[in-house]
$ cat work16.cif   # mmCIF, C-alpha atoms
data_model
#
loop_
_atom_site.group_PDB
_atom_site.id
_atom_site.type_symbol
_atom_site.label_atom_id
_atom_site.label_comp_id
_atom_site.auth_asym_id
_atom_site.auth_seq_id
_atom_site.Cartn_x
_atom_site.Cartn_y
_atom_site.Cartn_z
ATOM 1 C CA MET P 1 0.000 0.000 0.000
ATOM 2 C CA MET P 2 1.346 3.427 -0.965
ATOM 3 C CA GLU P 3 1.832 5.941 1.793
ATOM 4 C CA VAL P 4 0.146 9.300 1.295
ATOM 5 C CA LEU P 5 2.721 12.002 0.665
ATOM 6 C CA ASP P 6 2.390 15.361 2.370
ATOM 7 C CA GLU P 7 3.094 18.731 0.762
ATOM 8 C CA THR P 8 6.724 18.743 1.955
ATOM 9 C CA ASP P 9 7.377 15.332 0.374
ATOM 10 C CA LEU P 10 5.892 16.618 -2.889
ATOM 11 C CA GLN P 11 8.037 19.767 -2.746
ATOM 12 C CA ILE P 12 11.144 17.611 -2.236
ATOM 13 C CA LEU P 13 10.229 15.457 -5.236
ATOM 14 C CA LYS P 14 9.555 18.505 -7.434
ATOM 15 C CA ALA P 15 12.846 20.143 -6.463
ATOM 16 C CA LEU P 16 14.879 16.986 -7.045
ATOM 17 C CA GLN P 17 13.203 16.454 -10.415
ATOM 18 C CA LYS P 18 14.435 19.881 -11.479
ATOM 19 C CA ASN P 19 17.914 19.420 -10.045
ATOM 20 C CA ALA P 20 19.047 16.100 -8.581
ATOM 21 C CA LYS P 21 22.364 17.653 -7.546
ATOM 22 C CA LEU P 22 20.802 19.777 -4.798
ATOM 23 C CA THR P 23 22.556 19.364 -1.489
ATOM 24 C CA THR P 24 20.504 18.483 1.558
ATOM 25 C CA LYS P 25 21.006 22.046 2.821
ATOM 26 C CA GLU P 26 19.786 23.552 -0.463
ATOM 27 C CA LEU P 27 16.789 21.227 -0.444
ATOM 28 C CA ALA P 28 16.072 22.134 3.191
ATOM 29 C CA ASP P 29 16.070 25.841 2.274
ATOM 30 C CA ILE P 30 13.568 25.194 -0.523
ATOM 31 C CA VAL P 31 11.121 23.311 1.713
ATOM 32 C CA HIS P 32 11.766 25.479 4.812
ATOM 33 C CA LEU P 33 12.975 22.706 7.118
ATOM 34 C CA SER P 34 16.308 21.883 8.694
ATOM 35 C CA ALA P 35 18.686 19.497 6.938
ATOM 36 C CA THR P 36 18.126 16.430 9.155
ATOM 37 C CA PRO P 37 14.383 15.947 8.548
ATOM 38 C CA VAL P 38 14.874 16.664 4.837
ATOM 39 C CA PHE P 39 17.656 14.073 4.660
ATOM 40 C CA GLU P 40 15.412 11.525 6.422
ATOM 41 C CA ARG P 41 12.459 12.307 4.130
ATOM 42 C CA GLN P 42 14.626 11.983 1.024
ATOM 43 C CA ARG P 43 15.964 8.597 2.160
ATOM 44 C CA ARG P 44 12.396 7.422 2.921
ATOM 45 C CA LEU P 45 11.233 8.514 -0.544
ATOM 46 C CA GLU P 46 14.137 6.522 -2.017
ATOM 47 C CA ARG P 47 13.385 3.416 0.102
ATOM 48 C CA GLN P 48 9.702 3.528 -0.799
ATOM 49 C CA GLY P 49 10.517 3.764 -4.505
ATOM 50 C CA TYR P 50 9.225 7.275 -5.199
ATOM 51 C CA ILE P 51 12.767 8.145 -6.276
ATOM 52 C CA ARG P 52 14.105 5.382 -8.509
ATOM 53 C CA LYS P 53 17.522 6.846 -9.300
ATOM 54 C CA TYR P 54 19.457 10.017 -9.991
ATOM 55 C CA ILE P 55 20.752 10.626 -13.513
ATOM 56 C CA ALA P 56 22.655 13.136 -15.606
ATOM 57 C CA VAL P 57 20.906 14.230 -18.817
ATOM 58 C CA LEU P 58 23.466 14.203 -21.611
ATOM 59 C CA ASP P 59 23.525 16.220 -24.824
ATOM 60 C CA PRO P 60 23.064 13.735 -27.708
ATOM 61 C CA ASP P 61 24.458 16.138 -30.324
ATOM 62 C CA LYS P 62 27.713 16.612 -28.424
ATOM 63 C CA LEU P 63 27.993 12.809 -28.133
ATOM 64 C CA ASP P 64 27.343 12.300 -31.858
ATOM 65 C CA ARG P 65 23.922 10.697 -31.323
ATOM 66 C CA GLY P 66 21.847 13.442 -32.942
ATOM 67 C CA LEU P 67 19.350 11.316 -34.889
ATOM 68 C CA LEU P 68 16.273 10.407 -32.855
ATOM 69 C CA VAL P 69 13.903 7.819 -34.312
ATOM 70 C CA PHE P 70 10.675 6.332 -33.023
ATOM 71 C CA CYS P 71 10.519 2.819 -34.368
ATOM 72 C CA LYS P 72 7.217 0.922 -34.288
ATOM 73 C CA VAL P 73 7.640 -2.857 -34.307
ATOM 74 C CA LYS P 74 4.999 -5.469 -35.065
ATOM 75 C CA LEU P 75 5.756 -9.084 -34.264
ATOM 76 C CA LYS P 76 4.645 -11.974 -36.484
ATOM 77 C CA GLN P 77 3.027 -13.642 -33.528
ATOM 78 C CA ILE P 78 2.849 -12.764 -29.850
ATOM 79 C CA ASN P 79 2.859 -14.887 -26.730
ATOM 80 C CA HIS P 80 4.841 -14.790 -23.463
ATOM 81 C CA GLU P 81 7.823 -16.687 -24.834
ATOM 82 C CA ILE P 82 8.116 -14.589 -28.022
ATOM 83 C CA ALA P 83 7.597 -11.318 -26.132
ATOM 84 C CA ASP P 84 10.189 -12.251 -23.490
ATOM 85 C CA ALA P 85 12.729 -13.207 -26.182
ATOM 86 C CA PHE P 86 12.114 -9.926 -28.045
ATOM 87 C CA ILE P 87 12.516 -7.880 -24.855
ATOM 88 C CA ARG P 88 15.762 -9.692 -23.938
ATOM 89 C CA ARG P 89 17.196 -8.834 -27.369
ATOM 90 C CA ILE P 90 16.087 -5.200 -27.179
ATOM 91 C CA MET P 91 17.595 -4.815 -23.698
ATOM 92 C CA ARG P 92 21.014 -5.688 -25.170
ATOM 93 C CA ILE P 93 20.898 -2.998 -27.895
ATOM 94 C CA PRO P 94 22.431 0.249 -26.589
ATOM 95 C CA ASP P 95 20.944 2.373 -29.404
ATOM 96 C CA VAL P 96 17.451 1.590 -28.064
ATOM 97 C CA ILE P 97 17.124 4.061 -25.217
ATOM 98 C CA GLU P 98 13.452 3.351 -24.426
ATOM 99 C CA CYS P 99 11.051 0.532 -25.265
ATOM 100 C CA TYR P 100 7.305 0.370 -24.658
ATOM 101 C CA ASN P 101 4.857 -2.495 -25.150
ATOM 102 C CA THR P 102 1.857 -0.855 -26.834
ATOM 103 C CA SER P 103 -1.659 -1.680 -27.929
ATOM 104 C CA GLY P 104 -2.973 -1.054 -31.416
ATOM 105 C CA THR P 105 -1.359 -1.745 -34.773
ATOM 106 C CA TYR P 106 2.156 -2.222 -33.379
ATOM 107 C CA ASP P 107 3.373 -4.294 -30.453
ATOM 108 C CA TYR P 108 6.374 -2.180 -29.393
ATOM 109 C CA LEU P 109 7.499 1.415 -29.663
ATOM 110 C CA LEU P 110 11.269 1.897 -29.570
ATOM 111 C CA LYS P 111 13.052 5.183 -29.032
ATOM 112 C CA VAL P 112 16.359 4.945 -30.859
ATOM 113 C CA ARG P 113 19.353 7.335 -30.763
ATOM 114 C CA VAL P 114 22.069 6.986 -33.398
ATOM 115 C CA ARG P 115 24.614 9.187 -35.167
ATOM 116 C CA ASP P 116 22.936 9.474 -38.570
ATOM 117 C CA MET P 117 20.711 7.804 -41.164
ATOM 118 C CA LYS P 118 23.445 5.379 -42.202
ATOM 119 C CA LYS P 119 23.783 4.174 -38.599
ATOM 120 C CA TYR P 120 20.009 3.822 -38.350
ATOM 121 C CA GLN P 121 19.959 1.724 -41.519
ATOM 122 C CA GLU P 122 22.683 -0.449 -39.998
ATOM 123 C CA PHE P 123 20.629 -0.727 -36.791
ATOM 124 C CA VAL P 124 17.550 -1.882 -38.734
ATOM 125 C CA LEU P 125 19.466 -4.385 -40.860
ATOM 126 C CA THR P 126 21.818 -5.839 -38.259
ATOM 127 C CA LYS P 127 19.848 -5.542 -35.031
ATOM 128 C CA LEU P 128 16.086 -5.565 -35.686
ATOM 129 C CA GLY P 129 16.410 -7.449 -38.962
ATOM 130 C CA GLU P 130 18.039 -10.374 -37.188
ATOM 131 C CA ILE P 131 15.116 -10.873 -34.798
ATOM 132 C CA GLU P 132 13.024 -13.608 -36.407
ATOM 133 C CA SER P 133 9.794 -12.645 -34.670
ATOM 134 C CA VAL P 134 9.740 -9.155 -36.222
ATOM 135 C CA ALA P 135 7.043 -8.871 -38.906
ATOM 136 C CA SER P 136 7.270 -5.164 -39.720
ATOM 137 C CA ILE P 137 8.972 -1.928 -38.726
ATOM 138 C CA GLU P 138 7.762 1.636 -39.221
ATOM 139 C CA SER P 139 10.159 4.487 -38.494
ATOM 140 C CA THR P 140 9.360 8.085 -37.630
ATOM 141 C CA PHE P 141 12.320 10.461 -37.778
ATOM 142 C CA VAL P 142 12.341 13.404 -35.381
ATOM 143 C CA MET P 143 13.090 16.701 -37.118
ATOM 144 C CA SER P 144 13.253 18.732 -33.892
ATOM 145 C CA GLU P 145 12.546 18.116 -30.237
ATOM 146 C CA VAL P 146 9.860 20.595 -29.228
ATOM 147 C CA LYS P 147 9.354 19.524 -25.607
ATOM 148 C CA GLN P 148 11.359 17.102 -23.566
ATOM 149 C CA THR P 149 10.518 16.575 -19.921
ATOM 150 C CA TYR P 150 12.309 14.124 -17.696
ATOM 151 C CA GLY P 151 9.940 14.419 -14.796
ATOM 152 C CA ILE P 152 6.290 13.771 -14.139
ATOM 153 C CA SER P 153 3.648 16.287 -13.105
ATOM 154 C CA ILE P 154 3.201 16.298 -9.316
ATOM 155 C CA ASP P 155 0.303 18.721 -9.007
#

$ encode --input "work16.cif" --output "structure tokens"
Amino acid sequence: MMEVLDETDLQILKALQKNAKLTTKELADIVHLSATPVFERQRRLERQGYIRKYIAVLDPDKLDRGLLVFCKVKLKQINHEIADAFIRRIMRIPDVIECYNTSGTYDYLLKVRVRDMKKYQEFVLTKLGEIESVASIESTFVMSEVKQTYGISID
């Protein structure tokens, strides 16, 4: 059962979502408490799974991974064994940065980051193309990223 979070817990989560590098003192100043209770609240939020991990958001262009592609994958057939095998393969492909099991025309939506179109073609031919259960692939190439949010709304 999930514990009900109070306003201070929510303020801590909002602040950390904006900047995970905040010190306990800085966080305490934001929520108007002393450092010790804020430290204890933050650790509790971590233990209870509200905070999964802390990450650094990298610039894909500076790391030569400027092409972003949403790749819709339909499998020939779907059952637990086929789905599990597909997921295991996808988990081993570093270019796939997110993967979602979806309803509708396609079974999976992949978010893929690569250097350029040639690398994406190589990804399709050598990675996805080698998965026997794949029936079809539809790619959508991102021309510009209009909004990118790493957090969730906590209002």

$ resolve_selection --input "work16.cif" --expression "the PyMOL selection byres ((chain P and resi 5) around 12)" --output "ChimeraX atom specification"
/P:2-4,6-13,41-42,44-45,48,50,154

$ closest_residue --input "work16.cif" --among "P:Thr105, P:Leu16, P:Tyr150, P:Glu40" --to "Ile137 (chain P)" --atoms "only C-alpha atoms"
P:Thr105

$ atom_distance --input "work16.cif" --atom1 "CA of Leu128 (chain P)" --atom2 "CA of Asp95 (chain P)"
11.2 Å

$ closest_atom_pairs --input "work16.cif" --of "region 11-44 of chain P" --to "region 52-57 of chain P" --cutoff "10 Å" --atoms "only C-alpha atoms" --output "tab-separated table"
residue	atom	partner	partner_atom	distance
P:Leu16	CA	P:Tyr54	CA	8.8
P:Gln17	CA	P:Tyr54	CA	9.0
P:Asn19	CA	P:Tyr54	CA	9.5
P:Ala20	CA	P:Tyr54	CA	6.3
P:Lys21	CA	P:Tyr54	CA	8.5

$ resolve_selection --input "work16.cif" --expression "the PyMOL selection byres ((chain P and resi 93) around 12)" --output "ChimeraX atom specification"
/P:86-92,94-99,110-114,123-124,126-128,131

$ atom_distance --input "work16.cif" --atom1 "CA of Ser133 (chain P)" --atom2 "CA of Lys119 (chain P)"
22.2 Å

$ residues_near_point --input "work16.cif" --point "(11.8, -13.0, -35.7)" --cutoff "10 Å" --atoms "only C-alpha atoms" --output "CSV table (one decimal) with C-alpha atoms, in the frame of the given file"
chain,number,residue,atom,x,y,z
P,75,LEU,CA,5.8,-9.1,-34.3
P,76,LYS,CA,4.6,-12.0,-36.5
P,77,GLN,CA,3.0,-13.6,-33.5
P,82,ILE,CA,8.1,-14.6,-28.0
P,85,ALA,CA,12.7,-13.2,-26.2
P,86,PHE,CA,12.1,-9.9,-28.0
P,128,LEU,CA,16.1,-5.6,-35.7
P,129,GLY,CA,16.4,-7.4,-39.0
P,130,GLU,CA,18.0,-10.4,-37.2
P,131,ILE,CA,15.1,-10.9,-34.8
P,132,GLU,CA,13.0,-13.6,-36.4
P,133,SER,CA,9.8,-12.6,-34.7
P,134,VAL,CA,9.7,-9.2,-36.2
P,135,ALA,CA,7.0,-8.9,-38.9
P,136,SER,CA,7.3,-5.2,-39.7

$ axis_aligned_box --input "work16.cif" --around "region 43-55 of chain P" --padding-each-side "4 Å" --output "AutoDock Vina command-line options"
--center_x 15.0 --center_y 7.0 --center_z -5.3 --size_x 19.5 --size_y 15.2 --size_z 24.4

$ atom_distance --input "work16.cif" --atom1 "CA of Asp61 (chain P)" --atom2 "CA of Gly151 (chain P)"
21.3 Å

$ closest_residue --input "work16.cif" --among "P:Glu122, P:Leu68, P:Val73, P:Arg115" --to "Ser103 (chain P)" --atoms "all atoms listed in the file"
P:Val73

$ closest_residue --input "work16.cif" --among "P:Leu109, P:Leu63, P:Leu27, P:Ile51" --to "Thr140 (chain P)" --atoms "only C-alpha atoms"
P:Leu109

$ residues_around --input "work16.cif" --residues "Asp116 (chain P)" --least-positions-apart "5" --cutoff "8 Å" --atoms "all atoms listed in the file" --output "JSON, numbers by chain"
{"P": [65, 66, 67]}

$ write_last_selection --input "work16.cif" --atoms "C-alpha atoms" --output "PDB file, in the coordinates of the input"
ATOM      1  CA  ARG P  65      23.922  10.697 -31.323  1.00  0.00           C
ATOM      2  CA  GLY P  66      21.847  13.442 -32.942  1.00  0.00           C
ATOM      3  CA  LEU P  67      19.350  11.316 -34.889  1.00  0.00           C
TER       4      LEU P  67
END

$ build_atoms --input "work16.cif" --residues "region 122-146 of chain P" --atoms "N, CA and C atoms" --output "JSON list (two decimals), in the frame of the given file"
[["chain", "number", "residue", "atom", "x", "y", "z"],
["P", 122, "GLU", "N", 21.90, 0.67, -40.54],
["P", 122, "GLU", "CA", 22.68, -0.45, -40.00],
["P", 122, "GLU", "C", 21.97, -1.08, -38.80],
["P", 123, "PHE", "N", 21.39, -0.24, -37.94],
["P", 123, "PHE", "CA", 20.63, -0.73, -36.79],
["P", 123, "PHE", "C", 19.46, -1.61, -37.25],
["P", 124, "VAL", "N", 18.71, -1.13, -38.24],
["P", 124, "VAL", "CA", 17.55, -1.88, -38.73],
["P", 124, "VAL", "C", 17.99, -3.20, -39.34],
["P", 125, "LEU", "N", 19.03, -3.17, -40.16],
["P", 125, "LEU", "CA", 19.47, -4.38, -40.86],
["P", 125, "LEU", "C", 20.16, -5.40, -39.95],
["P", 126, "THR", "N", 21.01, -4.90, -39.05],
["P", 126, "THR", "CA", 21.82, -5.84, -38.26],
["P", 126, "THR", "C", 21.26, -6.14, -36.87],
["P", 127, "LYS", "N", 20.40, -5.29, -36.37],
["P", 127, "LYS", "CA", 19.85, -5.54, -35.03],
["P", 127, "LYS", "C", 18.40, -6.03, -35.14],
["P", 128, "LEU", "N", 17.50, -5.17, -35.59],
["P", 128, "LEU", "CA", 16.09, -5.56, -35.69],
["P", 128, "LEU", "C", 15.88, -6.63, -36.75],
["P", 129, "GLY", "N", 16.58, -6.51, -37.86],
["P", 129, "GLY", "CA", 16.41, -7.45, -38.96],
["P", 129, "GLY", "C", 16.79, -8.87, -38.62],
["P", 130, "GLU", "N", 17.61, -9.03, -37.60],
["P", 130, "GLU", "CA", 18.04, -10.37, -37.19],
["P", 130, "GLU", "C", 17.09, -11.03, -36.19],
["P", 131, "ILE", "N", 16.08, -10.31, -35.74],
["P", 131, "ILE", "CA", 15.12, -10.87, -34.80],
["P", 131, "ILE", "C", 14.01, -11.53, -35.61],
["P", 132, "GLU", "N", 13.96, -12.84, -35.57],
["P", 132, "GLU", "CA", 13.02, -13.61, -36.41],
["P", 132, "GLU", "C", 11.56, -13.27, -36.18],
["P", 133, "SER", "N", 11.20, -12.90, -34.98],
["P", 133, "SER", "CA", 9.79, -12.64, -34.67],
["P", 133, "SER", "C", 9.27, -11.31, -35.21],
["P", 134, "VAL", "N", 10.16, -10.46, -35.72],
["P", 134, "VAL", "CA", 9.74, -9.15, -36.22],
["P", 134, "VAL", "C", 9.05, -9.32, -37.58],
["P", 135, "ALA", "N", 7.81, -8.82, -37.66],
["P", 135, "ALA", "CA", 7.04, -8.87, -38.91],
["P", 135, "ALA", "C", 7.20, -7.59, -39.71],
["P", 136, "SER", "N", 7.14, -6.44, -39.01],
["P", 136, "SER", "CA", 7.27, -5.16, -39.72],
["P", 136, "SER", "C", 7.81, -4.09, -38.80],
["P", 137, "ILE", "N", 8.38, -3.07, -39.43],
["P", 137, "ILE", "CA", 8.97, -1.93, -38.73],
["P", 137, "ILE", "C", 8.50, -0.67, -39.44],
["P", 138, "GLU", "N", 8.08, 0.32, -38.66],
["P", 138, "GLU", "CA", 7.76, 1.64, -39.22],
["P", 138, "GLU", "C", 8.55, 2.66, -38.43],
["P", 139, "SER", "N", 9.29, 3.51, -39.14],
["P", 139, "SER", "CA", 10.16, 4.49, -38.49],
["P", 139, "SER", "C", 9.62, 5.90, -38.66],
["P", 140, "THR", "N", 9.70, 6.67, -37.59],
["P", 140, "THR", "CA", 9.36, 8.09, -37.63],
["P", 140, "THR", "C", 10.59, 8.85, -37.18],
["P", 141, "PHE", "N", 11.09, 9.72, -38.05],
["P", 141, "PHE", "CA", 12.32, 10.46, -37.78],
["P", 141, "PHE", "C", 11.98, 11.82, -37.19],
["P", 142, "VAL", "N", 12.61, 12.15, -36.08],
["P", 142, "VAL", "CA", 12.34, 13.40, -35.38],
["P", 142, "VAL", "C", 13.15, 14.52, -36.06],
["P", 143, "MET", "N", 12.43, 15.56, -36.49],
["P", 143, "MET", "CA", 13.09, 16.70, -37.12],
["P", 143, "MET", "C", 13.59, 17.69, -36.07],
["P", 144, "SER", "N", 12.80, 17.89, -35.00],
["P", 144, "SER", "CA", 13.25, 18.73, -33.89],
["P", 144, "SER", "C", 12.49, 18.32, -32.64],
["P", 145, "GLU", "N", 13.16, 18.44, -31.52],
["P", 145, "GLU", "CA", 12.55, 18.12, -30.24],
["P", 145, "GLU", "C", 11.92, 19.39, -29.69],
["P", 146, "VAL", "N", 10.59, 19.41, -29.64],
["P", 146, "VAL", "CA", 9.86, 20.60, -29.23],
["P", 146, "VAL", "C", 9.76, 20.68, -27.70]]
